[in-house]
Structure formats: C-alpha cells, structure tokens
$ cat run-v6.cif   # mmCIF, C-alpha atoms
data_target
#
loop_
_atom_site.group_PDB
_atom_site.id
_atom_site.type_symbol
_atom_site.label_atom_id
_atom_site.label_comp_id
_atom_site.auth_asym_id
_atom_site.auth_seq_id
_atom_site.Cartn_x
_atom_site.Cartn_y
_atom_site.Cartn_z
ATOM 1 C CA MET Q 61 -27.443 -102.644 -19.971
ATOM 2 C CA VAL Q 62 -29.222 -103.317 -16.686
ATOM 3 C CA LEU Q 63 -26.057 -104.766 -15.161
ATOM 4 C CA GLU Q 64 -24.049 -101.821 -16.461
ATOM 5 C CA LEU Q 65 -26.521 -99.391 -14.886
ATOM 6 C CA GLY Q 66 -26.394 -101.228 -11.561
ATOM 7 C CA LEU Q 67 -22.610 -101.227 -11.527
ATOM 8 C CA ALA Q 68 -22.479 -97.551 -12.515
ATOM 9 C CA ILE Q 69 -24.800 -96.676 -9.620
ATOM 10 C CA TRP Q 70 -22.663 -98.722 -7.250
ATOM 11 C CA LEU Q 71 -19.440 -97.104 -8.524
ATOM 12 C CA ALA Q 72 -20.881 -93.602 -8.179
ATOM 13 C CA TRP Q 73 -22.085 -94.271 -4.638
ATOM 14 C CA ALA Q 74 -19.143 -96.318 -3.351
ATOM 15 C CA GLY Q 75 -16.548 -94.065 -4.963
ATOM 16 C CA ARG Q 76 -18.163 -90.730 -4.147
ATOM 17 C CA THR Q 77 -15.311 -89.750 -1.829
ATOM 18 C CA ALA Q 78 -12.501 -91.889 -3.227
ATOM 19 C CA LEU Q 79 -12.681 -91.218 -6.963
ATOM 20 C CA PRO Q 80 -11.115 -88.035 -8.333
ATOM 21 C CA HIS Q 81 -13.232 -85.236 -9.817
ATOM 22 C CA GLY Q 82 -16.511 -87.084 -9.294
ATOM 23 C CA ALA Q 83 -15.570 -89.671 -11.919
ATOM 24 C CA GLY Q 84 -18.166 -92.130 -10.642
ATOM 25 C CA TRP Q 85 -20.950 -89.601 -11.084
ATOM 26 C CA TRP Q 86 -19.709 -88.647 -14.565
ATOM 27 C CA SER Q 87 -19.657 -92.331 -15.457
ATOM 28 C CA LEU Q 88 -23.218 -92.733 -14.201
ATOM 29 C CA GLY Q 89 -24.242 -89.684 -16.229
ATOM 30 C CA LEU Q 90 -22.840 -91.246 -19.384
ATOM 31 C CA VAL Q 91 -24.771 -94.445 -18.703
ATOM 32 C CA GLY Q 92 -27.889 -92.308 -18.218
ATOM 33 C CA LEU Q 93 -27.214 -90.647 -21.580
ATOM 34 C CA VAL Q 94 -26.934 -94.060 -23.247
ATOM 35 C CA TRP Q 95 -30.220 -95.182 -21.665
ATOM 36 C CA ALA Q 96 -31.988 -91.975 -22.651
ATOM 37 C CA ALA Q 97 -30.742 -92.184 -26.256
ATOM 38 C CA THR Q 98 -31.755 -95.833 -26.408
ATOM 39 C CA PHE Q 99 -35.275 -95.392 -25.124
ATOM 40 C CA PHE Q 100 -36.155 -92.005 -26.575
ATOM 41 C CA ILE Q 101 -34.393 -92.275 -29.948
ATOM 42 C CA SER Q 102 -33.486 -95.862 -30.880
ATOM 43 C CA VAL Q 103 -36.568 -97.673 -29.587
ATOM 44 C CA PRO Q 104 -39.005 -95.520 -31.606
ATOM 45 C CA PHE Q 105 -36.975 -96.205 -34.764
ATOM 46 C CA HIS Q 106 -37.009 -99.934 -34.002
ATOM 47 C CA ASN Q 107 -40.769 -99.755 -33.477
ATOM 48 C CA ARG Q 108 -41.134 -98.193 -36.934
ATOM 49 C CA LEU Q 109 -39.101 -101.048 -38.395
ATOM 50 C CA GLU Q 110 -41.530 -103.590 -36.925
ATOM 51 C CA GLN Q 111 -44.010 -102.378 -39.531
ATOM 52 C CA GLY Q 112 -41.607 -103.305 -42.356
ATOM 53 C CA TYR Q 113 -38.713 -101.827 -44.266
ATOM 54 C CA ASP Q 114 -38.388 -98.109 -43.628
ATOM 55 C CA TYR Q 115 -35.391 -96.284 -45.033
ATOM 56 C CA ILE Q 116 -35.921 -93.265 -42.780
ATOM 57 C CA ALA Q 117 -35.910 -95.448 -39.661
ATOM 58 C CA ILE Q 118 -32.763 -97.275 -40.768
ATOM 59 C CA ASP Q 119 -31.030 -93.998 -41.587
ATOM 60 C CA GLY Q 120 -32.161 -92.526 -38.275
ATOM 61 C CA LEU Q 121 -30.820 -95.509 -36.351
ATOM 62 C CA THR Q 122 -27.491 -95.279 -38.136
ATOM 63 C CA ARG Q 123 -27.136 -91.552 -37.540
ATOM 64 C CA THR Q 124 -28.287 -91.464 -33.929
ATOM 65 C CA ASN Q 125 -26.331 -94.520 -32.819
ATOM 66 C CA TRP Q 126 -23.214 -92.338 -32.838
ATOM 67 C CA LEU Q 127 -24.464 -90.611 -29.698
ATOM 68 C CA ARG Q 128 -24.584 -93.945 -27.871
ATOM 69 C CA THR Q 129 -21.240 -95.013 -29.321
ATOM 70 C CA LEU Q 130 -19.519 -91.808 -28.201
ATOM 71 C CA ALA Q 131 -21.018 -92.013 -24.706
ATOM 72 C CA TRP Q 132 -19.926 -95.646 -24.286
ATOM 73 C CA THR Q 133 -16.462 -94.832 -25.642
ATOM 74 C CA ALA Q 134 -16.091 -91.898 -23.254
ATOM 75 C CA ARG Q 135 -17.195 -94.090 -20.356
ATOM 76 C CA ALA Q 136 -14.749 -96.834 -21.325
ATOM 77 C CA GLY Q 137 -11.969 -94.255 -21.464
ATOM 78 C CA MET Q 138 -12.938 -92.894 -18.075
ATOM 79 C CA LEU Q 139 -13.032 -96.356 -16.501
ATOM 80 C CA GLY Q 140 -9.669 -97.150 -18.092
ATOM 81 C CA TRP Q 141 -8.256 -93.924 -16.661
ATOM 82 C CA LEU Q 142 -9.509 -94.962 -13.209
ATOM 83 C CA LEU Q 143 -7.643 -98.255 -13.502
ATOM 84 C CA ILE Q 144 -4.320 -96.550 -14.121
#
$ encode --input "run-v6.cif" --output "structure tokens"
Amino acid sequence: MVLELGLAIWLAWAGRTALPHGAGWWSLGLVGLVWAATFFISVPFHNRLEQGYDYIAIDGLTRTNWLRTLAWTARAGMLGWLLI
C-alpha cells in the first residue's frame, strides 16, 4: 500500500497537465479513500479480533471491505483507461 500511495502521488504530480480530466488526482483520491477506510474502519475491527473471536468484528470487516474493493476496482479501471 505504501508503494501504491507513492506511485499515485507521483502519477498525480507528473501527469497533472498531461492526463485528461485530472485522472491522476482522481486516482490519488481513490488511494486516499482506501487508506482512510483501512485505518479508520478495518484496523479497529482487526484490533477487536486480537482479543479473540468476535462475530460483530468479522461481520463488520466483511461488510466494510466492499468500500475498499470498489475503490481499488475503480482505480484499476481508471488506470486501465489511461493505458488505452
């Protein structure tokens, strides 16, 4: 994730004038969304699981992981579109 963040920052900065419709900045925003969801939603659930089995934490991880999945999928689609 750290490498992905670094590359997203580089792409946003280096492509600020060359990429259409601010695609680099949108891509960076999606990476920021993934990081925010990870640290503010997923990490607390994982911390609860350190205490032992917790159905609510497992259910919460399963439900909230869709946000990260959708953001990564949208970013992959955007990067694929930039390659075309």
$ closest_residue --input "run-v6.cif" --among "Q:Tyr113, Q:Trp70, Q:Trp126, Q:Trp86" --to "Ile101 (chain Q)" --atoms "all atoms listed in the file"
Q:Trp126
$ atom_distance --input "run-v6.cif" --atom1 "CA of Leu142 (chain Q)" --atom2 "CA of Thr124 (chain Q)"
28.2 Å
$ closest_residue --input "run-v6.cif" --among "Q:Leu65, Q:Leu90, Q:Ala74, Q:Leu79" --to "Ala134 (chain Q)" --atoms "only C-alpha atoms"
Q:Leu90
$ closest_residue --input "run-v6.cif" --among "Q:Pro104, Q:Gly82, Q:Gly140, Q:Gly75" --to "Leu121 (chain Q)" --atoms "all atoms listed in the file"
Q:Pro104
$ atom_distance --input "run-v6.cif" --atom1 "CA of Ala72 (chain Q)" --atom2 "CA of Leu139 (chain Q)"
11.8 Å
$ closest_residue --input "run-v6.cif" --among "Q:Gly120, Q:Pro80, Q:Val91, Q:Leu71" --to "Ala136 (chain Q)" --atoms "only C-alpha atoms"
Q:Val91
$ closest_residue --input "run-v6.cif" --among "Q:Ala117, Q:Ala96, Q:Ala68, Q:Leu127" --to "Ala83 (chain Q)" --atoms "all atoms listed in the file"
Q:Ala68
$ atom_distance --input "run-v6.cif" --atom1 "CA of Arg76 (chain Q)" --atom2 "CA of Gly89 (chain Q)"
13.6 Å
$ closest_residue --input "run-v6.cif" --among "Q:Leu109, Q:Ile144, Q:Ile69, Q:Val103" --to "Leu88 (chain Q)" --atoms "only C-alpha atoms"
Q:Ile69
$ axis_aligned_box --input "run-v6.cif" --around "region 74-79 of chain Q" --padding-each-side "3 Å" --output "lines of an AutoDock Vina configuration file"
center_x = -15.8
center_y = -93.0
center_z = -4.4
size_x = 12.6
size_y = 12.6
size_z = 11.1
$ build_atoms --input "run-v6.cif" --residues "region 110-124 of chain Q" --atoms "N, CA and C atoms" --output "JSON list (two decimals), in the coordinates of the input"
[["chain", "number", "residue", "atom", "x", "y", "z"],
["Q", 110, "GLU", "N", -40.65, -102.44, -37.11],
["Q", 110, "GLU", "CA", -41.53, -103.59, -36.92],
["Q", 110, "GLU", "C", -42.63, -103.62, -37.98],
["Q", 111, "GLN", "N", -42.97, -102.47, -38.51],
["Q", 111, "GLN", "CA", -44.01, -102.38, -39.53],
["Q", 111, "GLN", "C", -43.51, -102.82, -40.90],
["Q", 112, "GLY", "N", -42.20, -102.93, -41.07],
["Q", 112, "GLY", "CA", -41.61, -103.30, -42.36],
["Q", 112, "GLY", "C", -40.43, -102.40, -42.67],
["Q", 113, "TYR", "N", -39.87, -102.61, -43.83],
["Q", 113, "TYR", "CA", -38.71, -101.83, -44.27],
["Q", 113, "TYR", "C", -39.06, -100.35, -44.29],
["Q", 114, "ASP", "N", -38.19, -99.55, -43.68],
["Q", 114, "ASP", "CA", -38.39, -98.11, -43.63],
["Q", 114, "ASP", "C", -37.02, -97.45, -43.69],
["Q", 115, "TYR", "N", -36.71, -96.88, -44.84],
["Q", 115, "TYR", "CA", -35.39, -96.28, -45.03],
["Q", 115, "TYR", "C", -35.12, -95.18, -44.02],
["Q", 116, "ILE", "N", -36.11, -94.38, -43.72],
["Q", 116, "ILE", "CA", -35.92, -93.26, -42.78],
["Q", 116, "ILE", "C", -35.57, -93.80, -41.40],
["Q", 117, "ALA", "N", -36.22, -94.87, -40.97],
["Q", 117, "ALA", "CA", -35.91, -95.45, -39.66],
["Q", 117, "ALA", "C", -34.50, -96.03, -39.64],
["Q", 118, "ILE", "N", -34.12, -96.71, -40.71],
["Q", 118, "ILE", "CA", -32.76, -97.28, -40.77],
["Q", 118, "ILE", "C", -31.73, -96.17, -40.76],
["Q", 119, "ASP", "N", -31.96, -95.13, -41.55],
["Q", 119, "ASP", "CA", -31.03, -94.00, -41.59],
["Q", 119, "ASP", "C", -30.98, -93.30, -40.23],
["Q", 120, "GLY", "N", -32.13, -93.16, -39.60],
["Q", 120, "GLY", "CA", -32.16, -92.53, -38.28],
["Q", 120, "GLY", "C", -31.41, -93.34, -37.24],
["Q", 121, "LEU", "N", -31.57, -94.66, -37.28],
["Q", 121, "LEU", "CA", -30.82, -95.51, -36.35],
["Q", 121, "LEU", "C", -29.32, -95.37, -36.57],
["Q", 122, "THR", "N", -28.92, -95.38, -37.82],
["Q", 122, "THR", "CA", -27.49, -95.28, -38.14],
["Q", 122, "THR", "C", -26.92, -93.94, -37.67],
["Q", 123, "ARG", "N", -27.63, -92.88, -37.92],
["Q", 123, "ARG", "CA", -27.14, -91.55, -37.54],
["Q", 123, "ARG", "C", -27.13, -91.32, -36.03],
["Q", 124, "THR", "N", -28.18, -91.75, -35.36],
["Q", 124, "THR", "CA", -28.29, -91.46, -33.93],
["Q", 124, "THR", "C", -27.51, -92.44, -33.06]]
